[in-house]
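Enquirer: I am sharing coords-v1.txt, which consists of compact mmCIF, C-alpha atoms:
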# COMPACT_ATOMS: atom_id res chain seq x y z
CA MET E 208 98.35 -42.05 52.81
CA ALA E 209 102.05 -41.81 52.04
CA THR E 210 104.26 -43.63 54.51
CA ALA E 211 108.01 -43.93 54.68
CA GLU E 212 107.73 -46.77 52.18
CA THR E 213 105.84 -44.97 49.41
CA THR E 214 106.88 -42.47 46.81
CA ALA E 215 103.97 -40.01 47.04
CA GLY E 216 103.95 -39.39 43.28
CA GLU E 217 107.58 -39.58 42.19
CA CYS E 218 108.48 -37.19 39.34
CA ALA E 219 111.61 -35.89 37.67
CA PRO E 220 113.20 -32.58 38.77
CA ALA E 221 113.39 -29.73 36.28
CA TRP E 222 116.87 -29.34 34.81
CA ARG E 223 116.48 -25.61 34.28
CA GLY E 224 117.07 -23.41 37.26
CA GLY E 225 118.46 -24.33 40.64
CA PHE E 226 118.72 -28.10 40.33
CA GLY E 227 120.55 -27.96 36.99
CA ARG E 228 123.16 -25.63 38.45
CA LEU E 229 123.59 -27.74 41.56
CA TRP E 230 123.94 -30.88 39.43
CA SER E 231 126.55 -29.22 37.22
CA ALA E 232 128.49 -28.04 40.26
CA ALA E 233 128.40 -31.51 41.82
CA VAL E 234 129.57 -33.21 38.62
CA LEU E 235 132.39 -30.70 38.12
CA SER E 236 133.54 -31.19 41.71
CA SER E 237 133.44 -34.98 41.37
CA PHE E 238 135.55 -34.81 38.23
CA GLY E 239 138.13 -32.66 39.98
CA ASP E 240 138.04 -34.90 43.06
CA ALA E 241 138.75 -37.94 40.87
CA LEU E 242 141.80 -36.22 39.35
CA ARG E 243 143.16 -35.24 42.75
CA THR E 244 142.39 -38.60 44.39
CA ALA E 245 144.26 -40.46 41.67
CA ALA E 246 147.19 -38.04 41.58
CA LEU E 247 147.82 -37.73 45.34
CA PRO E 248 149.09 -41.29 45.99
CA LEU E 249 151.16 -41.21 42.80
CA LEU E 250 152.77 -37.98 43.96
CA ALA E 251 153.29 -39.48 47.42
CA VAL E 252 155.13 -42.46 45.94
CA SER E 253 157.43 -40.10 44.06
CA LEU E 254 158.22 -38.21 47.27
CA THR E 255 158.83 -41.10 49.69
CA ASP E 256 159.17 -44.87 49.80
CA ASP E 257 157.84 -45.10 53.38
CA PRO E 258 154.61 -47.17 53.22
CA LEU E 259 153.29 -45.61 56.43
CA LEU E 260 153.61 -42.07 55.07
CA ILE E 261 151.98 -43.10 51.79
CA ALA E 262 149.09 -44.74 53.65
CA SER E 263 148.76 -41.63 55.81
CA VAL E 264 147.67 -39.68 52.73
CA THR E 265 144.59 -41.91 52.48
CA ALA E 266 144.04 -41.79 56.25
CA CYS E 267 143.86 -37.99 56.07
CA GLY E 268 140.80 -38.45 53.88
CA TYR E 269 139.01 -40.24 56.75
CA LEU E 270 140.21 -38.51 59.90
CA PRO E 271 138.46 -35.12 59.50
CA TRP E 272 135.08 -36.84 59.14
CA LEU E 273 135.63 -38.52 62.49
CA LEU E 274 136.85 -35.30 64.13
CA PHE E 275 134.58 -32.69 62.53
CA GLY E 276 131.75 -34.57 60.80
CA LEU E 277 129.07 -33.82 63.42
CA LEU E 278 130.32 -30.25 63.79
CA GLY E 279 130.03 -29.73 60.03
CA GLY E 280 126.42 -30.92 60.16
CA ALA E 281 125.55 -28.54 63.00
CA VAL E 282 127.12 -25.59 61.16
CA ALA E 283 125.26 -26.56 57.96
CA ASP E 284 121.96 -26.31 59.86
CA ARG E 285 122.88 -22.85 61.20
CA VAL E 286 124.01 -21.08 58.06
CA ASP E 287 122.78 -20.31 54.57
CA GLN E 288 123.75 -23.56 52.84
CA ARG E 289 124.19 -21.93 49.45
CA ARG E 290 126.68 -19.38 50.77
CA ALA E 291 128.51 -22.00 52.81
CA MET E 292 128.93 -24.23 49.76
CA TRP E 293 130.33 -21.62 47.40
CA ALA E 294 132.57 -20.15 50.10
CA VAL E 295 134.00 -23.59 50.91
CA ASP E 296 134.62 -24.31 47.23
CA VAL E 297 136.42 -21.00 46.76
CA VAL E 298 138.71 -21.79 49.70
CA ARG E 299 139.33 -25.33 48.44
CA GLY E 300 140.04 -24.04 44.95
CA LEU E 301 142.62 -21.56 46.25
CA LEU E 302 144.26 -24.22 48.45
CA VAL E 303 144.60 -26.65 45.55
CA ALA E 304 145.83 -23.89 43.22
CA CYS E 305 148.58 -22.97 45.69
CA PHE E 306 149.48 -26.64 46.02
CA ALA E 307 149.68 -26.99 42.22
CA LEU E 308 152.06 -24.01 42.10
CA ALA E 309 154.21 -25.58 44.83
CA VAL E 310 154.39 -28.91 43.00
CA GLY E 311 155.08 -27.21 39.68
CA GLY E 312 157.90 -25.23 41.29
CA GLY E 313 159.50 -28.35 42.75
CA HIS E 314 158.50 -27.53 46.33
CA GLY E 315 156.11 -30.43 46.92
CA SER E 316 156.62 -32.45 50.08
CA ILE E 317 154.86 -35.18 52.03
CA ALA E 318 154.09 -32.74 54.84
CA LEU E 319 152.42 -30.34 52.40
CA LEU E 320 150.54 -33.19 50.77
CA LEU E 321 149.22 -34.45 54.13
CA ALA E 322 148.17 -30.94 55.14
CA LEU E 323 146.28 -30.48 51.87
CA ALA E 324 144.44 -33.81 52.17
CA PHE E 325 143.42 -33.03 55.76
CA ALA E 326 142.30 -29.46 55.04
CA LEU E 327 140.23 -30.39 51.98
CA THR E 328 138.38 -33.15 53.81
CA ALA E 329 137.80 -30.92 56.85
CA LEU E 330 136.13 -28.36 54.58
CA GLN E 331 134.18 -31.13 52.87
CA THR E 332 132.43 -31.99 56.14
CA LEU E 333 130.59 -28.67 55.89
CA PHE E 334 130.12 -28.74 52.11
CA ASP E 335 128.58 -32.22 51.86
CA ASN E 336 126.17 -31.74 54.75
CA ALA E 337 125.11 -28.35 53.43
CA ALA E 338 124.51 -29.85 49.97
CA THR E 339 122.27 -32.58 51.42
CA ALA E 340 120.28 -30.00 53.37
CA LEU E 341 120.05 -27.65 50.37
CA LEU E 342 118.56 -30.06 47.83
CA PRO E 343 115.02 -30.17 49.32
CA SER E 344 114.88 -26.39 48.80
CA LEU E 345 115.57 -26.71 45.09
CA VAL E 346 113.17 -29.46 44.02
CA PRO E 347 109.63 -30.49 45.02
CA THR E 348 109.29 -33.23 47.63
CA GLU E 349 108.01 -35.70 45.03
CA ALA E 350 111.13 -35.14 42.89
CA LEU E 351 113.72 -35.73 45.62
CA GLY E 352 114.31 -39.37 44.71
CA SER E 353 114.98 -38.62 41.06
CA ALA E 354 117.13 -35.64 41.97
CA ASN E 355 119.31 -37.73 44.29
CA ALA E 356 119.65 -40.48 41.67
CA ARG E 357 120.68 -37.97 38.99
CA LEU E 358 123.21 -36.33 41.27
CA LEU E 359 124.78 -39.66 42.22
CA THR E 360 124.78 -40.88 38.60
CA GLY E 361 126.43 -37.72 37.32
CA GLN E 362 129.06 -37.87 40.05
CA ARG E 363 129.79 -41.53 39.33
CA LEU E 364 130.06 -40.84 35.59
CA ALA E 365 132.44 -37.91 36.07
CA GLY E 366 134.52 -39.51 38.79
CA GLY E 367 134.38 -43.17 37.82
CA LEU E 368 134.60 -43.16 34.03
CA LEU E 369 136.06 -39.80 33.01
CA GLY E 370 138.47 -38.97 35.82
CA ALA E 371 140.81 -41.95 35.56
CA PRO E 372 141.75 -41.66 31.86
CA VAL E 373 142.02 -37.87 32.03
CA VAL E 374 144.41 -37.93 34.99
CA ALA E 375 146.69 -40.30 33.08
CA VAL E 376 146.86 -37.79 30.21
CA LEU E 377 147.41 -34.82 32.54
CA LEU E 378 150.27 -36.56 34.35
CA THR E 379 152.14 -36.87 31.05
CA THR E 380 152.36 -33.07 30.97
CA SER E 381 153.36 -32.41 34.60
CA ALA E 382 152.79 -33.63 38.15
CA ALA E 383 151.00 -30.37 38.94
CA ALA E 384 148.48 -30.53 36.07
CA PRO E 385 145.78 -32.65 37.81
CA PHE E 386 145.81 -30.29 40.79
CA ALA E 387 145.58 -27.21 38.60
CA VAL E 388 142.52 -28.62 36.82
CA ASP E 389 141.03 -29.62 40.18
CA ALA E 390 141.40 -26.02 41.39
CA VAL E 391 139.54 -24.76 38.31
CA THR E 392 136.66 -27.22 38.90
CA PHE E 393 136.32 -25.99 42.49
CA LEU E 394 136.09 -22.37 41.38
CA LEU E 395 133.63 -23.12 38.57
CA ALA E 396 131.44 -25.11 40.97
CA ALA E 397 131.53 -22.21 43.44
CA ALA E 398 130.36 -19.82 40.72
CA LEU E 399 127.45 -22.11 39.79
CA VAL E 400 126.26 -22.40 43.40
CA ALA E 401 126.74 -18.68 44.06
CA SER E 402 124.53 -17.90 41.05
CA LEU E 403 121.51 -19.29 42.91
CA ARG E 404 119.47 -16.41 44.33
CA SER E 405 117.93 -16.68 47.80
CA THR E 406 114.33 -15.46 47.98
CA GLY E 407 113.10 -17.32 51.03
CA PRO E 408 112.33 -16.01 54.50
CA GLU E 409 115.02 -15.51 57.07
CA ARG E 410 115.78 -18.37 59.42
CA ALA E 411 114.05 -18.44 62.76
CA PRO E 412 116.31 -17.10 65.54
CA LYS E 413 118.12 -19.67 67.65
CA ALA E 414 117.11 -20.17 71.25
CA THR E 415 119.05 -18.15 73.81
CA GLY E 416 122.09 -20.01 75.09
CA GLY E 417 122.21 -22.39 72.14
CA THR E 418 125.63 -23.81 71.37
CA LEU E 419 126.97 -26.05 68.65
CA ARG E 420 127.48 -28.81 71.20
CA ARG E 421 123.86 -28.55 72.32
CA GLU E 422 122.62 -28.49 68.72
CA ILE E 423 124.68 -31.58 67.87
CA ALA E 424 123.16 -33.34 70.90
CA GLU E 425 119.66 -32.30 69.79
CA GLY E 426 120.28 -33.75 66.34
CA LEU E 427 121.56 -37.03 67.77
CA ARG E 428 118.54 -37.29 70.09
CA ALA E 429 116.18 -36.69 67.17
CA LEU E 430 117.99 -39.40 65.22
CA ALA E 431 117.80 -41.85 68.13
CA ARG E 432 114.08 -41.23 68.71
CA ASP E 433 112.99 -41.78 65.10
CA ARG E 434 112.70 -45.46 64.22
CA LEU E 435 113.26 -44.99 60.49
CA LEU E 436 116.21 -42.60 60.80
CA ARG E 437 117.78 -44.80 63.46
CA GLY E 438 117.46 -47.84 61.22
CA LEU E 439 118.90 -46.04 58.21
CA CYS E 440 121.88 -44.85 60.25
CA ALA E 441 122.60 -48.31 61.67
CA ALA E 442 122.24 -49.85 58.21
CA THR E 443 124.65 -47.30 56.75
CA ALA E 444 127.29 -48.10 59.36
CA LEU E 445 126.98 -51.87 58.88
CA CYS E 446 127.02 -51.60 55.07
CA ASN E 447 130.16 -49.52 55.11
CA ILE E 448 131.98 -52.06 57.26
CA GLY E 449 131.12 -54.67 54.64
CA MET E 450 132.10 -52.35 51.79
CA GLY E 451 135.42 -51.61 53.47
CA ALA E 452 136.18 -55.33 53.69
CA LEU E 453 135.30 -55.87 50.02
CA VAL E 454 137.03 -52.84 48.51
CA ALA E 455 140.27 -53.30 50.46
CA THR E 456 140.73 -56.89 49.27
CA LEU E 457 139.05 -56.96 45.86
CA VAL E 458 142.38 -56.58 44.07
CA VAL E 459 143.69 -59.65 45.92
CA LEU E 460 140.58 -61.64 45.00
CA VAL E 461 141.00 -60.82 41.31
CA THR E 462 144.78 -61.07 40.94
CA ASP E 463 145.44 -63.92 43.39
CA ARG E 464 142.42 -66.21 43.65
CA LEU E 465 141.30 -65.70 40.02
CA ASP E 466 144.79 -65.01 38.62
CA ALA E 467 143.28 -62.36 36.31
CA GLY E 468 145.99 -59.71 36.67
CA THR E 469 145.58 -55.96 36.39
CA ALA E 470 143.45 -56.25 33.25
CA GLY E 471 140.97 -58.41 35.14
CA TYR E 472 140.89 -55.93 38.01
CA ALA E 473 140.20 -53.07 35.59
CA ALA E 474 137.40 -55.13 34.02
CA VAL E 475 135.56 -55.79 37.28
CA ILE E 476 135.89 -52.15 38.39
CA THR E 477 134.44 -51.06 35.05
CA ALA E 478 131.58 -53.54 35.47
CA TYR E 479 130.81 -52.08 38.89
CA THR E 480 130.83 -48.52 37.52
CA VAL E 481 128.58 -49.39 34.57
CA GLY E 482 126.18 -51.18 36.91
CA SER E 483 126.06 -48.12 39.16
CA LEU E 484 125.24 -45.84 36.23
CA ALA E 485 122.46 -48.18 35.12
CA GLY E 486 121.06 -48.17 38.65
CA GLY E 487 120.91 -44.38 38.63
CA VAL E 488 118.99 -44.42 35.36
CA ALA E 489 116.54 -47.09 36.55
CA HIS E 490 116.03 -45.74 40.07
CA ARG E 491 112.96 -43.63 39.34
CA ARG E 492 111.05 -46.42 37.60
CA LEU E 493 111.98 -48.92 40.31
CA VAL E 494 110.84 -46.84 43.27
CA ALA E 495 107.66 -45.93 41.40
CA ARG E 496 106.76 -49.62 41.63
CA THR E 497 108.10 -50.49 45.06
CA GLY E 498 108.38 -47.34 47.17
CA TYR E 499 111.63 -46.22 48.77
CA GLY E 500 111.50 -48.54 51.76
CA LEU E 501 110.95 -51.73 49.81
CA ALA E 502 113.52 -50.61 47.23
CA VAL E 503 116.13 -50.33 49.98
CA LEU E 504 115.24 -53.75 51.42
CA LEU E 505 115.34 -55.40 48.01
CA ALA E 506 118.63 -53.70 47.16
CA GLY E 507 120.29 -54.86 50.37
CA THR E 508 118.96 -58.39 50.00
CA VAL E 509 120.09 -58.83 46.39
CA GLN E 510 123.45 -57.23 47.15
CA THR E 511 123.92 -59.84 49.87
CA GLY E 512 123.36 -62.56 47.28
CA ALA E 513 125.83 -60.91 44.90
CA LEU E 514 128.46 -60.85 47.65
CA VAL E 515 127.95 -64.56 48.32
CA VAL E 516 128.47 -65.23 44.60
CA MET E 517 131.69 -63.19 44.65
CA GLY E 518 133.04 -65.23 47.51
CA ALA E 519 131.91 -68.63 46.27
CA VAL E 520 132.54 -68.67 42.50
CA ARG E 521 135.98 -68.74 40.84
CA SER E 522 135.16 -67.11 37.50
CA LEU E 523 136.10 -63.63 36.32
CA PRO E 524 132.97 -63.14 34.13
CA VAL E 525 130.73 -64.22 37.02
CA LEU E 526 132.57 -61.89 39.40
CA ALA E 527 132.18 -59.00 36.94
CA ALA E 528 128.46 -59.73 36.55
CA ALA E 529 128.00 -59.91 40.32
CA LEU E 530 129.79 -56.59 40.77
CA ALA E 531 127.62 -55.00 38.06
CA VAL E 532 124.49 -56.15 39.94
CA PHE E 533 126.06 -54.98 43.20
CA GLY E 534 126.77 -51.54 41.73
CA PHE E 535 123.27 -51.27 40.20
CA LEU E 536 121.57 -51.93 43.52
CA GLY E 537 124.13 -49.88 45.43
CA MET E 538 122.98 -46.82 43.49
CA VAL E 539 119.34 -47.68 44.25
CA TRP E 540 120.25 -48.06 47.94
CA ASN E 541 122.17 -44.77 48.14
CA ALA E 542 119.59 -42.65 46.31
CA SER E 543 116.67 -44.16 48.25
CA THR E 544 118.23 -43.90 51.72
CA THR E 545 119.27 -40.30 51.08
CA THR E 546 115.75 -39.43 49.96
CA LEU E 547 114.17 -41.12 52.97
CA MET E 548 116.52 -39.20 55.25
CA GLN E 549 115.70 -35.89 53.56
CA ARG E 550 111.95 -36.47 53.74
CA ARG E 551 111.95 -37.78 57.30
CA SER E 552 114.39 -35.50 59.11
CA PRO E 553 112.83 -32.92 61.48
CA ALA E 554 112.82 -29.33 60.29
CA GLY E 555 116.21 -27.68 60.59
CA MET E 556 118.07 -30.88 61.53
CA LEU E 557 118.88 -32.45 58.17
CA GLY E 558 122.51 -31.27 58.22
CA ARG E 559 123.14 -32.85 61.62
CA ILE E 560 121.38 -36.10 60.76
CA SER E 561 123.20 -36.45 57.44
CA ALA E 562 126.45 -35.75 59.29
CA ALA E 563 125.79 -38.66 61.67
CA HIS E 564 125.22 -40.96 58.68
CA ARG E 565 128.44 -39.86 57.01
CA ALA E 566 130.55 -40.00 60.16
CA LEU E 567 129.42 -43.55 60.92
CA GLY E 568 129.95 -44.56 57.32
CA VAL E 569 133.48 -43.19 57.27
CA ALA E 570 134.25 -44.91 60.58
CA GLY E 571 132.95 -48.22 59.22
CA ALA E 572 135.08 -48.27 56.06
CA PRO E 573 138.56 -48.49 57.66
CA LEU E 574 137.26 -50.94 60.26
CA GLY E 575 135.93 -53.15 57.48
CA ALA E 576 139.22 -52.85 55.59
CA LEU E 577 141.11 -54.16 58.62
CA LEU E 578 138.63 -57.00 59.15
CA GLY E 579 138.73 -57.91 55.46
CA GLY E 580 142.52 -57.96 55.40
CA ALA E 581 142.62 -60.18 58.49
CA ALA E 582 140.01 -62.55 57.02
CA ALA E 583 141.88 -62.81 53.71
CA ALA E 584 145.14 -63.56 55.50
CA ALA E 585 143.57 -66.20 57.72
CA TRP E 586 141.11 -68.00 55.42
CA GLY E 587 141.77 -66.90 51.84
CA ALA E 588 141.07 -64.06 49.42
CA HIS E 589 137.41 -65.08 48.94
CA THR E 590 136.39 -64.70 52.59
CA PRO E 591 136.14 -60.86 52.75
CA ALA E 592 133.25 -60.98 50.27
CA LEU E 593 131.47 -63.51 52.49
CA LEU E 594 132.24 -61.34 55.53
CA ALA E 595 130.73 -58.37 53.71
CA ALA E 596 127.63 -60.45 52.97
CA ALA E 597 127.22 -61.09 56.71
CA PHE E 598 127.33 -57.37 57.44
CA PHE E 599 124.78 -56.70 54.71
CA VAL E 600 122.44 -59.23 56.32
CA LEU E 601 122.75 -57.31 59.58
CA SER E 602 122.17 -54.07 57.70
CA VAL E 603 118.92 -55.29 56.17
CA ALA E 604 117.80 -56.55 59.57
CA ALA E 605 118.47 -53.11 61.07
CA LEU E 606 116.22 -51.51 58.45
CA ILE E 607 113.14 -53.68 58.94
CA PRO E 608 111.77 -52.16 62.19
CA GLY E 609 111.84 -48.62 60.75
CA LEU E 610 110.05 -49.63 57.55
CA ARG E 611 107.07 -51.39 59.12
CA PRO E 612 103.64 -50.24 57.82
CA ASP E 613 102.80 -48.61 61.16
CA ALA E 614 105.58 -46.01 60.74
CA PRO E 615 104.05 -42.49 60.85
CA ALA E 616 103.39 -40.75 57.56
CA VAL E 617 105.91 -38.24 56.23
CA GLY E 618 104.24 -35.28 54.63
CA PRO E 619 105.59 -32.26 52.75
CA ASP E 620 105.38 -30.11 55.88
CA ASP E 621 107.90 -32.39 57.62
CA ARG E 622 110.70 -31.36 55.29
CA PRO E 623 113.66 -29.32 56.61
CA THR E 624 113.06 -25.58 56.36
CA ALA E 625 116.16 -24.67 54.37
CA ASP E 626 116.29 -21.28 52.64
CA GLN E 627 114.11 -21.35 49.54
CA LEU E 628 116.27 -20.79 46.47
CA THR E 629 115.34 -20.04 42.88
CA PRO E 630 117.44 -19.30 39.82
Just dump the structure as structure tokens.
Expert:
Amino acid sequence: MATAETTAGECAPAWRGGFGRLWSAAVLSSFGDALRTAALPLLAVSLTDDPLLIASVTACGYLPWLLFGLLGGAVADRVDQRRAMWAVDVVRGLLVACFALAVGGGHGSIALLLALAFALTALQTLFDNAATALLPSLVPTEALGSANARLLTGQRLAGGLLGAPVVAVLLTTSAAAPFAVDAVTFLLAAALVASLRSTGPERAPKATGGTLRREIAEGLRALARDRLLRGLCAATALCNIGMGALVATLVVLVTDRLDAGTAGYAAVITAYTVGSLAGGVAHRRLVARTGYGLAVLLAGTVQTGALVVMGAVRSLPVLAAALAVFGFLGMVWNASTTTLMQRRSPAGMLGRISAAHRALGVAGAPLGALLGGAAAAAWGAHTPALLAAAFFVLSVAALIPGLRPDAPAVGPDDRPTADQLTP
């Protein structure tokens, strides 16, 4: 009997057809996102020297998730996810194209930049939740784990390794170039998703009197009642507090405590990215041996050890190795928790449950950044890594009750009933 901890015959998804198009769209979007994310703060610095306004650009990437994250999940459960995704990408592509024209014409401003960052992230709350709910319609249940790992690996490759050097080249041509390319990636991704043909049955009609607020409440109640989903959500929130503390202060750890300069910082970031890519490649073989639940527990436990090493050892090579291990197991964690959520969520509620995970994760990151900065100022640049380790311990502890052997089995019929799509 397959429980929440087993793989139930893990296999690889077929590249041809729906999954291949979704993967290509996701990778294209991640590449464009990396260009825009790198170019926005550089453009902000050229427009103002006010640190608060510059920081507000980053804040606009968090705020819509807190305001609209749950709403985006509820809408994703109501609509045809395929149509929602391509429509959102078309709108985002047009917005970024207009912004590129404004920047190219010398009409860029901080106000316009803030409005763009807010609008794109607000639209992303629907897109990301719809994408999570759509995937189980494109691949068999036993291929979900591999599909999630391949999506995350492709996105990390496009955004982590390719985006940074390309944006540097584009900026030598004009400040508008990264945004123009980003607009093209949005439109190409929209075309790929729109090319999927819906052949499934119509959705069941909603109950009379149903409202988005009521549907959000139903999703939250379902999340609270399910031991596994509740544990995954709590673990996500705690992990992201720890990640916020680490990411916000890693540059200080490398350049101050280790005195490794910008080259050292680039080296450890590269080590993390390479480790993440390796984790995506190895994910399928690992979960085939351990099951998803044990893979998540092992990943969180070993990541805790890696964080302790980061905070205790004063050596750049050791720090780089620890970050590579951390990135490897972070990919295993992300792919496995997403798969567990997709396989466990009640029918028709995956968008709302994934929205709760994302909203809590986004809320945890800035909180962790503040805690990490305070810890570094009070006790030294190495303490945020140790603080992150403490939150990872709590995260693993939150997972254990939901992964006990007596958790009910999750069968194929328990999957969300998203529209069935074929190429």
Enquirer: Under the rule that only C-alpha atoms are counted, which of E:Leu457, E:Leu254, E:Ala576, E:Ala245 is the nearest residue to Pro372 in chain E?
Expert: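 When distances to Pro372 in chain E are compared using only C-alpha atoms, the smallest one comes from E:Ala245.
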Enquirer: Rank nothing, just name the residue among E:Gln549, E:Thr480, E:Ser253, E:Ser231 nearest to Leu435 in chain E, using all atoms listed in the file.
Expert: E:Gln549
Enquirer: Set the distance at 10 Å and use all atoms listed in the file: which residues neighbour Gly571 in chain E once local chain neighbours fewer than 2 positions away are removed? I'd like the list as a short mmCIF file (atom, residue, chain, number, x, y, z; two decimals) with C-alpha atoms, in the frame of the given file.
Expert:
data_model
loop_
_atom_site.label_atom_id
_atom_site.label_comp_id
_atom_site.auth_asym_id
_atom_site.auth_seq_id
_atom_site.Cartn_x
_atom_site.Cartn_y
_atom_site.Cartn_z
CA THR E 443 124.65 -47.30 56.75
CA ALA E 444 127.29 -48.10 59.36
CA LEU E 445 126.98 -51.87 58.88
CA CYS E 446 127.02 -51.60 55.07
CA ASN E 447 130.16 -49.52 55.11
CA ILE E 448 131.98 -52.06 57.26
CA GLY E 449 131.12 -54.67 54.64
CA MET E 450 132.10 -52.35 51.79
CA GLY E 451 135.42 -51.61 53.47
CA ALA E 452 136.18 -55.33 53.69
CA ARG E 565 128.44 -39.86 57.01
CA ALA E 566 130.55 -40.00 60.16
CA LEU E 567 129.42 -43.55 60.92
CA GLY E 568 129.95 -44.56 57.32
CA VAL E 569 133.48 -43.19 57.27
CA PRO E 573 138.56 -48.49 57.66
CA LEU E 574 137.26 -50.94 60.26
CA GLY E 575 135.93 -53.15 57.48
CA ALA E 576 139.22 -52.85 55.59
#
Enquirer: Hey, can you check how far CA of Gly300 in chain E sits from CA of Val391 in chain E?
Expert: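 Result for CA of Gly300 in chain E versus CA of Val391 in chain E: 6.7 Å, one decimal.
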Enquirer: List every protein, DNA or RNA residue that has an atom no more than 8 Å from (129.0, -28.5, 65.5) in the file's coordinate frame, counting all atoms listed in the file, and report them as a CSV table (one decimal) with C-alpha atoms, keeping the file's coordinate frame.
Expert:
chain,number,residue,atom,x,y,z
E,275,PHE,CA,134.6,-32.7,62.5
E,277,LEU,CA,129.1,-33.8,63.4
E,278,LEU,CA,130.3,-30.2,63.8
E,279,GLY,CA,130.0,-29.7,60.0
E,280,GLY,CA,126.4,-30.9,60.2
E,281,ALA,CA,125.6,-28.5,63.0
E,282,VAL,CA,127.1,-25.6,61.2
E,419,LEU,CA,127.0,-26.0,68.6
E,420,ARG,CA,127.5,-28.8,71.2
E,422,GLU,CA,122.6,-28.5,68.7
E,423,ILE,CA,124.7,-31.6,67.9
Enquirer: Please compute the CA of Gly361 in chain E-CA of Leu453 in chain E distance, one decimal, in Å.
Expert: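 Taking CA of Gly361 in chain E as the start and CA of Leu453 in chain E as the end point, the length is 23.9 Å.
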Enquirer: Go ahead and compute the interatomic distance for CA of Thr544 in chain E and CA of Met292 in chain E, in Å to one decimal.
Expert: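 So the two atoms, CA of Thr544 in chain E and CA of Met292 in chain E, lie 22.5 Å apart.
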Enquirer: For a quick check of understanding, using all atoms listed in the file, which of E:Phe598, E:Trp272, E:Phe535, E:Tyr472 has the smallest distance to Val488 in chain E?
Expert: E:Phe535
Enquirer: So that I can see what lies close to Val539 in chain E, please list as a PyMOL selection string the residues with an atom at most 10 Å from it, counting all atoms listed in the file and leaving out residues fewer than 2 positions away in the same chain.
Expert: chain E and resi 352+355-356+359+483+485-491+493-494+499+502-503+505-507+533-537+541-544
Enquirer: Which neighbours of Phe226 in chain E fall inside 10 Å, counting all atoms listed in the file, when residues of the same chain fewer than 2 positions from it are skipped, and could you give them as an mmCIF file with C-alpha atoms, in the coordinates of the input?
Expert:
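Full text of around.cif as output:
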data_model
loop_
_atom_site.group_PDB
_atom_site.id
_atom_site.type_symbol
_atom_site.label_atom_id
_atom_site.label_comp_id
_atom_site.auth_asym_id
_atom_site.auth_seq_id
_atom_site.Cartn_x
_atom_site.Cartn_y
_atom_site.Cartn_z
ATOM 1 C CA PRO E 220 113.200 -32.580 38.770
ATOM 2 C CA ALA E 221 113.390 -29.730 36.280
ATOM 3 C CA TRP E 222 116.870 -29.340 34.810
ATOM 4 C CA ARG E 223 116.480 -25.610 34.280
ATOM 5 C CA GLY E 224 117.070 -23.410 37.260
ATOM 6 C CA ARG E 228 123.160 -25.630 38.450
ATOM 7 C CA LEU E 229 123.590 -27.740 41.560
ATOM 8 C CA TRP E 230 123.940 -30.880 39.430
ATOM 9 C CA SER E 231 126.550 -29.220 37.220
ATOM 10 C CA ALA E 232 128.490 -28.040 40.260
ATOM 11 C CA LEU E 342 118.560 -30.060 47.830
ATOM 12 C CA PRO E 343 115.020 -30.170 49.320
ATOM 13 C CA SER E 344 114.880 -26.390 48.800
ATOM 14 C CA LEU E 345 115.570 -26.710 45.090
ATOM 15 C CA VAL E 346 113.170 -29.460 44.020
ATOM 16 C CA ALA E 354 117.130 -35.640 41.970
ATOM 17 C CA LEU E 358 123.210 -36.330 41.270
ATOM 18 C CA VAL E 400 126.260 -22.400 43.400
ATOM 19 C CA LEU E 403 121.510 -19.290 42.910
ATOM 20 C CA LEU E 628 116.270 -20.790 46.470
ATOM 21 C CA THR E 629 115.340 -20.040 42.880
ATOM 22 C CA PRO E 630 117.440 -19.300 39.820
#
Enquirer: Check the smallest atom-to-atom distance from each of E:Ala382, E:Leu439, E:Val234, E:Leu557 to Ala365 in chain E using all atoms listed in the file, then report the winner.
Expert: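 Among E:Ala382, E:Leu439, E:Val234, E:Leu557, it is E:Val234 that comes nearest to Ala365 in chain E.
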Enquirer: Name all residues at most 8 Å from range 315-319 of chain E (count all atoms listed in the file; drop same-chain ones fewer than 5 positions away) and give them as a PDB file with C-alpha atoms, in the frame of the given file.
Expert:
ATOM      1  CA  ALA E 251     153.290 -39.480  47.420  1.00  0.00           C
ATOM      2  CA  LEU E 254     158.220 -38.210  47.270  1.00  0.00           C
ATOM      3  CA  THR E 255     158.830 -41.100  49.690  1.00  0.00           C
ATOM      4  CA  LEU E 260     153.610 -42.070  55.070  1.00  0.00           C
ATOM      5  CA  PHE E 306     149.480 -26.640  46.020  1.00  0.00           C
ATOM      6  CA  ALA E 309     154.210 -25.580  44.830  1.00  0.00           C
ATOM      7  CA  VAL E 310     154.390 -28.910  43.000  1.00  0.00           C
TER       8      VAL E 310
END
Enquirer: Just so I have it separately, write range 491-503 of chain E from the block I sent, keeping C-alpha atoms, as a short mmCIF file (atom, residue, chain, number, x, y, z; two decimals), in the first residue's frame.
Expert:
data_model
loop_
_atom_site.label_atom_id
_atom_site.label_comp_id
_atom_site.auth_asym_id
_atom_site.auth_seq_id
_atom_site.Cartn_x
_atom_site.Cartn_y
_atom_site.Cartn_z
CA ARG E 491 14.28 10.58 -9.03
CA ARG E 492 16.86 7.97 -8.00
CA LEU E 493 16.89 9.21 -4.42
CA VAL E 494 13.14 9.09 -3.86
CA ALA E 495 12.99 5.69 -5.55
CA ARG E 496 15.06 4.42 -2.62
CA THR E 497 13.60 6.44 0.24
CA GLY E 498 10.11 7.61 -0.67
CA TYR E 499 9.10 11.26 -0.66
CA GLY E 500 8.53 11.58 3.07
CA LEU E 501 11.87 10.18 4.13
CA ALA E 502 13.60 12.16 1.38
CA VAL E 503 12.18 15.38 2.84
#
